[in-house]
file my_file.csv (CSV, C-alpha atoms)
chain,number,residue,atom,x,y,z
A,156,MET,CA,5.1,3.2,-0.3
A,157,PHE,CA,8.0,5.5,0.3
A,158,VAL,CA,6.6,8.4,2.3
A,159,SER,CA,7.8,10.4,5.2
A,160,ASN,CA,7.2,9.2,8.8
A,161,LYS,CA,5.1,12.4,9.3
A,162,ILE,CA,2.7,11.5,6.5
A,163,LYS,CA,2.6,7.8,7.7
A,164,GLN,CA,1.5,9.0,11.1
A,165,GLU,CA,-1.4,10.9,9.6
A,166,ILE,CA,-2.7,7.9,7.6
A,167,LYS,CA,-5.4,6.0,9.3
A,168,ASP,CA,-6.3,3.4,6.6
A,169,SER,CA,-4.5,0.9,4.4
A,170,VAL,CA,-5.6,-1.3,1.5
A,171,PRO,CA,-7.4,-4.4,2.7
A,172,GLY,CA,-5.1,-7.4,2.3
A,173,ALA,CA,-2.1,-5.2,1.4
A,174,LYS,CA,-1.3,-3.2,4.5
A,175,TRP,CA,1.9,-1.8,2.9
A,176,TRP,CA,-0.2,0.2,0.4
A,177,LEU,CA,-1.1,3.5,2.0
A,178,PRO,CA,-3.7,5.9,0.6
A,179,VAL,CA,-1.7,9.2,0.7
A,180,GLU,CA,-3.8,12.3,0.3
A,181,GLY,CA,-2.3,14.7,-2.3
A,182,ALA,CA,0.0,12.1,-3.9
A,183,TYR,CA,0.1,12.5,-7.7
A,184,TRP,CA,2.6,12.7,-10.5
A,185,ARG,CA,4.1,16.1,-9.4
A,186,SER,CA,4.3,15.0,-5.7
A,187,PRO,CA,4.7,11.2,-6.0
A,188,ALA,CA,5.4,10.7,-2.3
A,189,GLY,CA,2.7,13.1,-1.1
A,190,PRO,CA,2.7,16.7,0.1
A,191,GLY,CA,6.2,18.2,0.2
A,192,SER,CA,7.7,15.8,-2.4
A,193,SER,CA,8.6,16.8,-5.9
A,194,VAL,CA,9.7,15.6,-9.3
A,195,GLU,CA,12.2,18.5,-9.6
A,196,LYS,CA,15.2,16.2,-9.6
A,197,LYS,CA,13.5,13.3,-11.2
A,198,GLY,CA,13.4,14.3,-14.8
A,199,SER,CA,14.9,11.0,-15.9
A,200,HIS,CA,12.4,8.9,-13.9
A,201,PRO,CA,9.1,7.6,-15.4
A,202,ALA,CA,6.0,9.5,-14.4
A,203,VAL,CA,4.0,7.6,-11.8
A,204,HIS,CA,0.6,7.9,-10.2
A,205,ILE,CA,-0.7,7.8,-13.8
A,206,SER,CA,-4.2,6.5,-14.3
A,207,TYR,CA,-5.4,5.0,-17.6
A,208,ASN,CA,-7.4,8.2,-18.2
A,209,ASP,CA,-4.3,10.3,-17.6
A,210,ALA,CA,-2.1,8.2,-19.9
A,211,LEU,CA,-4.8,8.3,-22.6
A,212,HIS,CA,-5.1,12.1,-22.5
A,213,TYR,CA,-1.4,12.6,-22.6
A,214,CYS,CA,-0.9,10.3,-25.6
A,215,LYS,CA,-3.7,12.1,-27.5
A,216,GLN,CA,-2.1,15.5,-26.8
A,217,ARG,CA,1.1,14.2,-28.3
A,218,GLY,CA,-0.6,12.7,-31.4
A,219,ALA,CA,0.1,9.2,-30.1
A,220,ARG,CA,-1.8,6.5,-28.3
A,221,LEU,CA,-1.4,3.7,-25.8
A,222,PRO,CA,-0.1,0.4,-27.2
A,223,THR,CA,-2.3,-2.6,-27.4
A,224,GLU,CA,-1.3,-5.5,-25.2
A,225,VAL,CA,-0.1,-7.4,-28.3
A,226,GLU,CA,2.0,-4.4,-29.4
A,227,TRP,CA,3.5,-4.0,-26.0
A,228,GLU,CA,4.6,-7.7,-25.8
A,229,PHE,CA,6.0,-7.6,-29.4
A,230,ALA,CA,8.1,-4.6,-28.4
A,231,ALA,CA,9.1,-6.2,-25.1
A,232,ARG,CA,10.2,-9.5,-26.7
A,233,GLY,CA,12.6,-7.7,-29.0
A,234,GLY,CA,12.3,-10.2,-31.8
A,235,LEU,CA,12.7,-13.3,-29.5
A,236,ARG,CA,10.1,-16.0,-29.1
A,237,ASP,CA,9.2,-18.3,-26.2
A,238,GLN,CA,11.7,-16.5,-23.9
A,239,MET,CA,11.0,-15.4,-20.3
A,240,TYR,CA,12.8,-12.0,-20.5
A,241,PRO,CA,13.3,-9.4,-23.2
A,242,TRP,CA,17.0,-10.5,-23.4
A,243,GLY,CA,16.5,-14.3,-23.3
A,244,ASN,CA,15.5,-17.1,-21.0
A,245,GLY,CA,17.7,-16.7,-18.0
A,246,PHE,CA,17.5,-14.2,-15.1
A,247,GLU,CA,20.4,-11.7,-15.2
A,248,LYS,CA,21.3,-9.5,-12.2
A,249,LYS,CA,21.1,-5.7,-12.7
A,250,ARG,CA,19.0,-5.9,-15.8
A,251,MET,CA,15.7,-4.7,-14.2
A,252,ASN,CA,14.5,-3.0,-11.1
A,253,ILE,CA,12.6,-5.4,-8.8
A,254,TRP,CA,12.3,-6.1,-5.1
A,255,GLN,CA,15.2,-8.0,-3.6
A,256,GLY,CA,14.8,-9.1,0.1
A,257,ASP,CA,12.0,-9.7,2.6
A,258,PHE,CA,8.9,-8.1,1.2
A,259,PRO,CA,7.5,-5.7,2.4
A,260,LYS,CA,10.0,-5.2,5.2
A,261,THR,CA,13.4,-5.0,3.5
A,262,ASN,CA,14.6,-4.2,0.0
A,263,THR,CA,18.3,-4.8,-0.1
A,264,GLY,CA,18.6,-2.7,-3.3
A,265,LYS,CA,21.2,-5.1,-4.8
A,266,ASP,CA,20.2,-4.0,-8.2
A,267,GLY,CA,21.2,-0.5,-7.2
A,268,TYR,CA,17.7,1.0,-6.5
A,269,ILE,CA,15.1,1.0,-3.8
A,270,GLY,CA,11.9,2.4,-5.3
A,271,VAL,CA,11.5,3.7,-8.8
A,272,ALA,CA,14.7,4.0,-10.8
A,273,PRO,CA,15.6,6.4,-13.7
A,274,VAL,CA,14.5,5.1,-17.1
A,275,LYS,CA,18.0,4.4,-18.3
A,276,ALA,CA,19.4,3.0,-15.0
A,277,PHE,CA,19.9,-0.3,-16.8
A,278,PRO,CA,21.0,-1.1,-20.3
A,279,PRO,CA,18.4,-1.7,-23.0
A,280,GLN,CA,16.6,-4.9,-22.3
A,281,ASN,CA,16.4,-6.2,-25.8
A,282,SER,CA,17.7,-5.8,-29.4
A,283,TYR,CA,15.1,-3.2,-30.1
A,284,GLY,CA,16.8,-0.8,-27.7
A,285,MET,CA,13.8,-0.8,-25.3
A,286,TYR,CA,14.4,0.2,-21.7
A,287,ASP,CA,12.4,-1.0,-18.6
A,288,MET,CA,10.0,-3.3,-20.4
A,289,VAL,CA,10.1,-5.5,-17.3
A,290,GLY,CA,10.4,-4.1,-13.8
A,291,ASN,CA,10.5,-0.6,-12.5
A,292,VAL,CA,6.8,0.5,-13.2
A,293,TRP,CA,3.8,-1.2,-14.6
A,294,GLU,CA,2.7,0.2,-18.0
A,295,TRP,CA,-0.9,0.7,-19.3
A,296,THR,CA,-2.1,-0.7,-22.5
A,297,SER,CA,-5.3,0.0,-24.3
A,298,THR,CA,-6.5,-3.6,-24.1
A,299,VAL,CA,-9.5,-4.4,-21.8
A,300,TYR,CA,-8.5,-6.9,-19.1
A,301,GLY,CA,-11.9,-7.6,-17.7
A,302,VAL,CA,-14.5,-6.1,-15.2
A,303,ASP,CA,-13.8,-5.2,-11.6
A,304,PRO,CA,-15.8,-7.6,-9.5
A,305,GLN,CA,-16.7,-4.9,-7.0
A,306,THR,CA,-17.3,-1.7,-9.0
A,307,LYS,CA,-18.3,-3.5,-12.3
A,308,MET,CA,-16.1,-0.9,-14.0
A,309,PRO,CA,-13.9,-2.1,-17.0
A,310,GLN,CA,-10.3,-2.9,-16.2
A,311,TYR,CA,-7.4,-2.2,-18.6
A,312,THR,CA,-4.4,-4.4,-19.0
A,313,LEU,CA,-1.0,-3.4,-17.3
A,314,ARG,CA,2.2,-5.1,-18.4
A,315,GLY,CA,5.8,-5.5,-17.2
A,316,GLY,CA,5.6,-5.6,-13.5
A,317,SER,CA,7.3,-3.1,-11.1
A,318,TYR,CA,9.9,-2.5,-8.5
A,319,ILE,CA,7.8,-4.3,-5.9
A,320,ASP,CA,7.6,-7.5,-7.9
A,321,SER,CA,9.8,-10.6,-7.6
A,322,VAL,CA,12.1,-12.8,-9.7
A,323,ASP,CA,10.1,-16.0,-8.8
A,324,GLY,CA,6.6,-14.8,-7.9
A,325,LYS,CA,6.9,-15.7,-4.2
A,326,PHE,CA,5.4,-12.3,-3.5
A,327,ASN,CA,3.4,-9.9,-5.7
A,328,HIS,CA,4.0,-10.8,-9.4
A,329,LYS,CA,6.7,-12.7,-11.1
A,330,ALA,CA,8.5,-10.1,-13.2
A,331,ASP,CA,9.0,-11.4,-16.7
A,332,VAL,CA,7.8,-10.7,-20.2
A,333,THR,CA,4.4,-12.4,-19.7
A,334,THR,CA,3.5,-10.5,-16.5
A,335,ARG,CA,0.1,-8.8,-16.6
A,336,MET,CA,-2.7,-7.5,-14.4
A,337,GLY,CA,-5.8,-5.3,-14.7
A,338,ASN,CA,-7.0,-2.2,-13.1
A,339,THR,CA,-9.7,0.4,-13.5
A,340,ALA,CA,-9.2,3.5,-15.6
A,341,ASP,CA,-9.1,5.8,-12.5
A,342,ALA,CA,-6.5,3.8,-10.6
A,343,GLY,CA,-2.9,5.1,-10.1
A,344,SER,CA,-0.1,4.4,-7.7
A,345,ASP,CA,3.7,5.0,-7.4
A,346,ASN,CA,4.5,1.9,-9.4
A,347,ILE,CA,2.2,2.6,-12.4
A,348,GLY,CA,3.3,4.5,-15.5
A,349,PHE,CA,2.9,4.3,-19.3
A,350,ARG,CA,4.6,4.7,-22.6
A,351,CYS,CA,3.2,6.1,-25.9
A,352,ALA,CA,2.9,4.3,-29.2
A,353,LYS,CA,2.5,5.6,-32.8
A,354,ASP,CA,1.5,3.8,-36.0
A,355,ALA,CA,4.3,3.3,-38.5
A,356,PRO,CA,4.0,5.6,-41.4
A,357,SER,CA,2.5,4.2,-44.6
A,358,LYS,CA,4.5,4.0,-47.8
A,359,ASP,CA,2.8,7.1,-49.1
A,360,GLU,CA,3.9,9.0,-46.0
A,361,LEU,CA,7.6,8.1,-46.4

call {"tool": "encode", "arguments": {"input": "my_file.csv", "output": "structure tokens"}}
result
Amino acid sequence: MFVSNKIKQEIKDSVPGAKWWLPVEGAYWRSPAGPGSSVEKKGSHPAVHISYNDALHYCKQRGARLPTEVEWEFAARGGLRDQMYPWGNGFEKKRMNIWQGDFPKTNTGKDGYIGVAPVKAFPPQNSYGMYDMVGNVWEWTSTVYGVDPQTKMPQYTLRGGSYIDSVDGKFNHKADVTTRMGNTADAGSDNIGFRCAKDAPSKDEL
């Protein structure tokens, strides 16, 4: 979404029904805004343009895995039950990175950020010390969501919402602890990332 005017002028297509999504040739995690962009000064940001396949491969290299959807929600809720947000039931300003303003024309940035924010831009969202469980970027889980109606490929569940989502669901998704959607394993964009999970050690391993 946030690309240079030069790149925008070279793009001839947009996503049907979502003209603000532009297919940028050469955009990937090292160049998240397309050719000429870099992650050199974004070491504290979440990696984006990450597909399910990318995330799965990275986790395996680190001796980890993607969380299941149930595990993700358990971590997001931070020990709370029946609450809308990781910290409780009420919306609180500057607790998560979402779109504020007239989508897709204007993001006022009242939460301090326009686009993806650094991972620790906001305080931990729950008592488990988890950052960015809601807002900023969607996160892959290993749980199957369904089947893509066009390609017939399996979709995997993404959780948490992102910086283009809203507090009330009037546009895109409502950003809260129950927010979910599905996408195919090869899909990636500048608002999709992931986090790794590991099994707790057994008593014999302690």

call {"tool": "closest_residue", "arguments": {"input": "my_file.csv", "among": "A:Trp293, A:Tyr286, A:Tyr207, A:Tyr318", "to": "Phe258 of chain A", "atoms": "only C-alpha atoms"}}
result
A:Tyr318

call {"tool": "residues_around", "arguments": {"input": "my_file.csv", "residues": "Pro309 of chain A", "least_positions_apart": "2", "cutoff": "8 Å", "atoms": "only C-alpha atoms", "output": "list of chain:residue names"}}
result
A:Val299, A:Tyr300, A:Gly301, A:Val302, A:Asp303, A:Lys307, A:Tyr311, A:Asn338, A:Thr339, A:Ala340

call {"tool": "residues_around", "arguments": {"input": "my_file.csv", "residues": "Pro190 of chain A", "least_positions_apart": "6", "cutoff": "8 Å", "atoms": "all atoms listed in the file", "output": "PyMOL selection string"}}
result
chain A and resi 180-182

call {"tool": "closest_residue", "arguments": {"input": "my_file.csv", "among": "A:Glu226, A:Glu247, A:Asp287, A:Asp345", "to": "Ala188 of chain A", "atoms": "all atoms listed in the file"}}
result
A:Asp345

call {"tool": "closest_atom_pairs", "arguments": {"input": "my_file.csv", "of": "segment 208-305 of chain A", "to": "segment 319-332 of chain A", "cutoff": "7 Å", "atoms": "only C-alpha atoms", "output": "CSV"}}
result
residue,atom,partner,partner_atom,distance
A:Ala231,CA,A:Val332,CA,6.8
A:Met239,CA,A:Val332,CA,5.7
A:Tyr240,CA,A:Val332,CA,5.2
A:Pro241,CA,A:Val332,CA,6.4
A:Ile253,CA,A:Asp320,CA,5.5
A:Trp254,CA,A:Ile319,CA,4.9
A:Val289,CA,A:Asp331,CA,6.0
A:Gly290,CA,A:Ala330,CA,6.3

call {"tool": "write_last_selection", "arguments": {"input": "my_file.csv", "atoms": "C-alpha atoms", "output": "tab-separated table (two decimals), in the coordinates of the input"}}
result
chain	number	residue	atom	x	y	z
A	231	ALA	CA	9.10	-6.20	-25.10
A	239	MET	CA	11.00	-15.40	-20.30
A	240	TYR	CA	12.80	-12.00	-20.50
A	241	PRO	CA	13.30	-9.40	-23.20
A	253	ILE	CA	12.60	-5.40	-8.80
A	254	TRP	CA	12.30	-6.10	-5.10
A	289	VAL	CA	10.10	-5.50	-17.30
A	290	GLY	CA	10.40	-4.10	-13.80

call {"tool": "residues_around", "arguments": {"input": "my_file.csv", "residues": "Arg350 of chain A", "least_positions_apart": "5", "cutoff": "10 Å", "atoms": "all atoms listed in the file", "output": "ChimeraX atom specification"}}
result
/A:201-202,210,213-214,219-222,227,288,293-296
